[in-house]
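I have placed the structure first, in the form of structure tokens, so that the comments after it can refer back to it.
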Amino acid sequence: MVTLKSPAEIEQMKPAGAIVAACHREIAKMIRPGVTTWDIEELVDDMLRRAGARAYTKGYNGYKYATCASVNDVIAHGFPNKTPLKDGDLVKIDIVAQLDGWVGDSAWCYGVGELSPAAEKLMRVTKECLYIGIERAVVGNRIGDAMHALQKHAESNGYSLVRDLAAHGVGRELHEEPSYIHIGAPGKGFRFKEGMVFTIEPMVNEGTWRMTIDADGWTARTADGKLSAQFEHTIAITKDGPVILTAQE
């Protein structure tokens with residue numbers, strides 16, 4: 001059952017998205033070789049606490065941290081740690097905040113120092129995929145319309161889209177309906193309706209879309225050890241088009 005939000009409720013969700021966006025703006029300022037994902041974890045944990053928000057992922061199904069920190073071949077759900085980041089790394093930081101009972105969720109990919117041309121292209125195409133999906137998330141379209149366009153862009157650049165991790169509705173909880181993956185066919189799947197709030201979060205791999213899970217039960221990696229990138233926003237469907245609730249601008 002998809003829970004549609006009223007315009008007033010969408011307004012109430014905006015502060016949760018805004019604190020997540022503020023965290024990402026601060027992370028962008030500090031990313032450089034030598035910084036650790038634990039430094040980022042401490043920054044985010046402190047910012048959320050000072051804003052009166054809850055780090056939603058802390059304690060979620062036993063997860064211990066305020067961030068997911070996924071480096072290079074880690075697709076998602078990596079643990080923050082004290083290993084220094086180095087030139088050429090791609091690091092994905094996923095943040096979920098709950099503020100005044102509402103959830104905001106956004107992951108962003110950061111390049112560390114000097115990137116290879118291949119890593120720069122992967123980041124660029126993945127971000128383009130995010131906005132291709134958002135642009136097509138309008139009342140009357142179907143999820144397959146948006147995901148087909150996104151998938152076509154990734155695959156035309158030689159990449160694959162992760163199929164074993166899903167995007168999801170967002171509201172008072174992190175995972176609401178609808179749930180879907182980032183591939184599709186035009187005219188297929190659920191229709192976008194005014195009041196839907198959900199994530200678009202393409203995970204784009206250099207090589208195979210297949211993944212493995214580490215022994216910790218969380219860390220998802222590319223099966224071939226190649227790079228993965230991700231960009232994610234929480235969006236609301238309105239009669240005037242999609243509204244990005246986690247916009248950093």
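Naming works like this for the structure tokens: A, B, ... for the chains as they're shown, residue 1 at the start of each chain, ligands 1 onward in shown order.
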
>> Applying 6 Å and only C-alpha atoms, which residues near Met211 in chain A remain after dropping the ones on its own chain fewer than 5 positions away? List them as a VMD selection string.
In response: chain A and resid 221 to 223

> Running DSSP on the backbone, which parts of range 17-132 of chain A land in helix (DSSP H, G or I), as a PyMOL selection string?
Replying inline: chain A and resi 17-30+37-50+60-62+117-132

> Could you name the residues that touch range 200-210 of chain A at 6 Å or less, counting only C-alpha atoms, but leaving out those on the same chain fewer than 4 positions away, as a list in words?
Replying inline: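 Neighbouring residues, sequence-local ones excluded: Tyr159, Ser160, Leu161, Val162, Ala223, Lys226, Leu227, Ser228, Ala229, Gln230, Phe231, Glu232 and His233 of chain A.
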
>> Ranking A:Met47, A:Ala21, A:Ala69, A:Ile237 by minimum distance to Arg191 in chain A and counting only C-alpha atoms, which one comes first?
In response: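 Closest to Arg191 in chain A of all the choices is A:Ile237.
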
>> Can you pull out the residues contacting Gly189 in chain A? Cut-off 12 Å, using only C-alpha atoms, and skip same-chain residues under 5 positions away; I want them as JSON, numbers by chain.
In response: {"A": [140, 141, 142, 143, 144, 145, 146, 147, 148, 178, 179, 180, 181, 182, 183, 184]}

Using the selection just defined, write its residues with N, CA and C atoms as a PDB file, in the first residue's frame.
ATOM      1  N   GLY A 140       1.242  10.552 -14.115  1.00  0.00           N
ATOM      2  CA  GLY A 140       0.785   9.918 -15.355  1.00  0.00           C
ATOM      3  C   GLY A 140       1.806   9.009 -15.992  1.00  0.00           C
ATOM      4  N   ASN A 141       3.091   9.325 -15.840  1.00  0.00           N
ATOM      5  CA  ASN A 141       4.130   8.408 -16.316  1.00  0.00           C
ATOM      6  C   ASN A 141       4.162   7.163 -15.434  1.00  0.00           C
ATOM      7  N   ARG A 142       4.803   6.141 -15.943  1.00  0.00           N
ATOM      8  CA  ARG A 142       5.017   4.920 -15.155  1.00  0.00           C
ATOM      9  C   ARG A 142       6.477   4.815 -14.746  1.00  0.00           C
ATOM     10  N   ILE A 143       6.720   4.028 -13.701  1.00  0.00           N
ATOM     11  CA  ILE A 143       8.097   3.837 -13.227  1.00  0.00           C
ATOM     12  C   ILE A 143       8.952   3.250 -14.344  1.00  0.00           C
ATOM     13  N   GLY A 144       8.366   2.400 -15.176  1.00  0.00           N
ATOM     14  CA  GLY A 144       9.128   1.812 -16.279  1.00  0.00           C
ATOM     15  C   GLY A 144       9.615   2.839 -17.289  1.00  0.00           C
ATOM     16  N   ASP A 145       8.833   3.913 -17.476  1.00  0.00           N
ATOM     17  CA  ASP A 145       9.252   4.978 -18.388  1.00  0.00           C
ATOM     18  C   ASP A 145      10.536   5.641 -17.882  1.00  0.00           C
ATOM     19  N   ALA A 146      10.542   5.967 -16.588  1.00  0.00           N
ATOM     20  CA  ALA A 146      11.695   6.651 -15.997  1.00  0.00           C
ATOM     21  C   ALA A 146      12.905   5.730 -15.925  1.00  0.00           C
ATOM     22  N   MET A 147      12.687   4.489 -15.496  1.00  0.00           N
ATOM     23  CA  MET A 147      13.817   3.576 -15.316  1.00  0.00           C
ATOM     24  C   MET A 147      14.382   3.114 -16.646  1.00  0.00           C
ATOM     25  N   HIS A 148      13.534   2.978 -17.677  1.00  0.00           N
ATOM     26  CA  HIS A 148      14.053   2.589 -18.991  1.00  0.00           C
ATOM     27  C   HIS A 148      15.005   3.653 -19.531  1.00  0.00           C
ATOM     28  N   PRO A 178       6.323   2.643  -2.717  1.00  0.00           N
ATOM     29  CA  PRO A 178       6.658   1.507  -3.585  1.00  0.00           C
ATOM     30  C   PRO A 178       8.127   1.109  -3.469  1.00  0.00           C
ATOM     31  N   SER A 179       8.406  -0.132  -3.834  1.00  0.00           N
ATOM     32  CA  SER A 179       9.774  -0.635  -3.939  1.00  0.00           C
ATOM     33  C   SER A 179      10.017  -1.025  -5.393  1.00  0.00           C
ATOM     34  N   TYR A 180      11.196  -0.676  -5.913  1.00  0.00           N
ATOM     35  CA  TYR A 180      11.456  -0.967  -7.328  1.00  0.00           C
ATOM     36  C   TYR A 180      12.961  -0.973  -7.558  1.00  0.00           C
ATOM     37  N   ILE A 181      13.377  -1.554  -8.692  1.00  0.00           N
ATOM     38  CA  ILE A 181      14.789  -1.532  -9.074  1.00  0.00           C
ATOM     39  C   ILE A 181      14.968  -0.617 -10.281  1.00  0.00           C
ATOM     40  N   HIS A 182      16.219  -0.286 -10.593  1.00  0.00           N
ATOM     41  CA  HIS A 182      16.501   0.767 -11.573  1.00  0.00           C
ATOM     42  C   HIS A 182      16.665   0.238 -12.999  1.00  0.00           C
ATOM     43  N   ILE A 183      15.799  -0.671 -13.364  1.00  0.00           N
ATOM     44  CA  ILE A 183      15.678  -1.097 -14.760  1.00  0.00           C
ATOM     45  C   ILE A 183      14.188  -1.167 -15.062  1.00  0.00           C
ATOM     46  N   GLY A 184      13.828  -1.047 -16.329  1.00  0.00           N
ATOM     47  CA  GLY A 184      12.401  -1.074 -16.625  1.00  0.00           C
ATOM     48  C   GLY A 184      12.104  -1.012 -18.104  1.00  0.00           C
TER      49      GLY A 184
END

> For Arg136 in chain A, which residue out of A:Leu150, A:Ala220, A:Met123, A:Leu43 is the nearest one, using only C-alpha atoms?
Replying inline: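 Answer, going by the shortest atom-to-atom distance: A:Leu150.
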
Which residues, written as a compact mmCIF listing (two decimals) with C-alpha atoms, in the first residue's frame, have at least one atom at most 7 Å from range 31-37 of chain A, with only C-alpha atoms counted and residues fewer than 2 positions away on the same chain left out?
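Full text of result_35.txt as output:
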# COMPACT_ATOMS: atom_id res chain seq x y z
CA ILE A 27 31.27 16.42 3.44
CA ALA A 28 32.07 17.89 0.02
CA LYS A 29 34.24 20.51 1.71
CA ASP A 39 35.88 11.45 10.24
CA ILE A 40 32.80 11.77 8.04
CA GLU A 41 30.77 9.55 10.38
CA ALA A 69 30.44 4.62 3.70
CA PRO A 80 32.74 3.78 8.19
CA ASN A 81 36.30 3.09 9.36
CA LYS A 82 39.64 4.74 10.10
CA THR A 83 41.42 3.82 6.85
CA PRO A 84 42.64 7.04 5.16
CA LEU A 85 41.09 7.77 1.79
CA LYS A 86 43.59 8.06 -1.05
CA ASP A 87 43.90 9.73 -4.44
CA VAL A 112 39.00 11.82 -3.64
CA GLY A 113 41.90 13.87 -4.99

> Mind pulling up the distance from CA of Ala149 in chain A to CA of Leu122 in chain A?
Replying inline: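 Going from CA of Leu122 in chain A over to CA of Ala149 in chain A covers 17.0 Å.
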
> Asp45 in chain A: which residues within 9 Å, counting only C-alpha atoms, same-chain residues fewer than 6 positions away excluded, as a PyMOL selection string?
Replying inline: chain A and resi 54-55+65-67

>> With DSSP run on the backbone, what are the strand (DSSP E or B) residues within range 156-203 of chain A? I'd like them as a VMD selection string.
In response: chain A and resid 160 to 161 167 to 169 176 to 180 191 197 to 200 203

Saved selection, atoms kept: all heavy atoms, as a tab-separated table (two decimals), in the first residue's frame:
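Result file follows (part_30.tsv):
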chain	number	residue	atom	x	y	z
A	160	SER	N	26.51	-1.10	-16.05
A	160	SER	CA	25.36	-1.90	-15.65
A	160	SER	C	24.74	-1.30	-14.40
A	160	SER	O	25.39	-0.56	-13.65
A	160	SER	CB	25.77	-3.35	-15.39
A	160	SER	OG	26.63	-3.43	-14.26
A	161	LEU	N	23.46	-1.62	-14.17
A	161	LEU	CA	22.74	-1.14	-13.00
A	161	LEU	C	22.49	-2.28	-12.02
A	161	LEU	O	22.04	-3.37	-12.42
A	161	LEU	CB	21.40	-0.53	-13.42
A	161	LEU	CG	21.53	0.86	-14.04
A	161	LEU	CD1	20.48	1.10	-15.09
A	161	LEU	CD2	21.46	1.92	-12.95
A	167	ALA	N	15.22	0.80	-4.66
A	167	ALA	CA	14.76	2.10	-4.17
A	167	ALA	C	13.41	1.89	-3.48
A	167	ALA	O	12.81	0.82	-3.58
A	167	ALA	CB	14.64	3.08	-5.32
A	168	HIS	N	12.92	2.95	-2.82
A	168	HIS	CA	11.80	2.72	-1.91
A	168	HIS	C	11.06	4.02	-1.60
A	168	HIS	O	11.61	5.11	-1.72
A	168	HIS	CB	12.33	2.13	-0.60
A	168	HIS	CG	13.48	2.91	-0.02
A	168	HIS	ND1	13.29	3.99	0.81
A	168	HIS	CD2	14.82	2.80	-0.21
A	168	HIS	CE1	14.48	4.50	1.12
A	168	HIS	NE2	15.42	3.81	0.50
A	169	GLY	N	9.82	3.86	-1.14
A	169	GLY	CA	9.08	4.99	-0.61
A	169	GLY	C	9.68	5.49	0.68
A	169	GLY	O	10.39	4.76	1.38
A	176	GLU	N	9.17	2.42	2.76
A	176	GLU	CA	7.75	2.30	2.52
A	176	GLU	C	7.55	1.84	1.08
A	176	GLU	O	8.50	1.75	0.30
A	176	GLU	CB	7.05	3.66	2.74
A	176	GLU	CG	7.16	4.19	4.17
A	176	GLU	CD	6.36	5.47	4.39
A	176	GLU	OE1	5.81	6.01	3.40
A	176	GLU	OE2	6.28	5.91	5.55
A	177	GLU	N	6.32	1.54	0.72
A	177	GLU	CA	6.01	1.28	-0.68
A	177	GLU	C	5.97	2.61	-1.44
A	177	GLU	O	5.65	3.64	-0.85
A	177	GLU	CB	4.67	0.55	-0.80
A	177	GLU	CG	4.70	-0.87	-0.23
A	177	GLU	CD	5.66	-1.78	-0.96
A	177	GLU	OE1	5.84	-1.62	-2.19
A	177	GLU	OE2	6.25	-2.64	-0.29
A	178	PRO	N	6.32	2.64	-2.72
A	178	PRO	CA	6.66	1.51	-3.59
A	178	PRO	C	8.13	1.11	-3.47
A	178	PRO	O	8.97	1.91	-3.07
A	178	PRO	CB	6.38	2.07	-4.98
A	178	PRO	CG	6.71	3.53	-4.85
A	178	PRO	CD	6.29	3.92	-3.46
A	179	SER	N	8.41	-0.13	-3.83
A	179	SER	CA	9.77	-0.64	-3.94
A	179	SER	C	10.02	-1.02	-5.39
A	179	SER	O	9.15	-1.62	-6.03
A	179	SER	CB	9.95	-1.84	-3.02
A	179	SER	OG	11.25	-2.38	-3.12
A	180	TYR	N	11.20	-0.68	-5.91
A	180	TYR	CA	11.46	-0.97	-7.33
A	180	TYR	C	12.96	-0.97	-7.56
A	180	TYR	O	13.74	-0.48	-6.75
A	180	TYR	CB	10.79	0.09	-8.23
A	180	TYR	CG	11.44	1.45	-8.14
A	180	TYR	CD1	12.46	1.81	-9.03
A	180	TYR	CD2	11.08	2.36	-7.16
A	180	TYR	CE1	13.08	3.04	-8.93
A	180	TYR	CE2	11.70	3.60	-7.06
A	180	TYR	CZ	12.70	3.93	-7.95
A	180	TYR	OH	13.33	5.15	-7.85
A	191	ARG	N	2.08	3.70	-11.79
A	191	ARG	CA	2.01	5.08	-12.27
A	191	ARG	C	2.39	6.04	-11.15
A	191	ARG	O	2.08	5.82	-9.98
A	191	ARG	CB	0.59	5.41	-12.74
A	191	ARG	CG	0.21	4.81	-14.06
A	191	ARG	CD	-1.07	5.44	-14.59
A	191	ARG	NE	-1.54	4.76	-15.79
A	191	ARG	CZ	-1.10	5.00	-17.01
A	191	ARG	NH1	-0.16	5.92	-17.20
A	191	ARG	NH2	-1.57	4.34	-18.06
A	197	VAL	N	6.10	9.90	-2.35
A	197	VAL	CA	7.45	10.33	-1.94
A	197	VAL	C	8.33	9.09	-1.92
A	197	VAL	O	8.00	8.10	-1.26
A	197	VAL	CB	7.45	11.02	-0.57
A	197	VAL	CG1	8.86	11.42	-0.17
A	197	VAL	CG2	6.52	12.23	-0.55
A	198	PHE	N	9.43	9.12	-2.66
A	198	PHE	CA	10.29	7.95	-2.76
A	198	PHE	C	11.69	8.37	-3.19
A	198	PHE	O	11.93	9.53	-3.55
A	198	PHE	CB	9.72	6.92	-3.74
A	198	PHE	CG	9.46	7.43	-5.12
A	198	PHE	CD1	10.42	7.36	-6.10
A	198	PHE	CD2	8.23	8.00	-5.44
A	198	PHE	CE1	10.20	7.84	-7.38
A	198	PHE	CE2	7.98	8.48	-6.72
A	198	PHE	CZ	8.97	8.40	-7.69
A	199	THR	N	12.61	7.42	-3.14
A	199	THR	CA	13.99	7.68	-3.57
A	199	THR	C	14.16	7.27	-5.03
A	199	THR	O	13.50	6.36	-5.52
A	199	THR	CB	15.01	6.90	-2.74
A	199	THR	OG1	14.81	5.48	-2.92
A	199	THR	CG2	14.89	7.24	-1.26
A	200	ILE	N	15.06	7.98	-5.69
A	200	ILE	CA	15.66	7.51	-6.94
A	200	ILE	C	17.15	7.44	-6.64
A	200	ILE	O	17.75	8.42	-6.20
A	200	ILE	CB	15.34	8.43	-8.12
A	200	ILE	CG1	13.83	8.40	-8.41
A	200	ILE	CG2	16.13	8.01	-9.36
A	200	ILE	CD1	13.40	9.25	-9.59
A	203	MET	N	22.49	2.76	-8.71
A	203	MET	CA	23.82	2.24	-8.39
A	203	MET	C	24.39	1.68	-9.69
A	203	MET	O	23.86	0.70	-10.22
A	203	MET	CB	23.71	1.15	-7.31
A	203	MET	CG	23.29	1.69	-5.96
A	203	MET	SD	22.42	0.47	-4.93
A	203	MET	CE	20.72	0.70	-5.49

>> Env of range 96-110 of chain A: 7 Å cut, atoms = only C-alpha atoms, seq-sep filter 4 positions within chain, self excluded. Answer as a list in words.
In response: Met13, Ala16, Gly17, Val20, Gly52, Ala53, Arg54, Ala55, Tyr56, Thr57, Leu90, Val91, Lys92, Val170, Gly171, Arg172, Glu173, Leu174, Ala229, Gln230, Phe231, Glu232, His233, Thr234 and Thr246 of chain A

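Distances here use only C-alpha atoms; by that measure, the residue among A:Asp214, A:Glu11, A:Glu249, A:Asp224 closest to His77 in chain A is A:Asp214.
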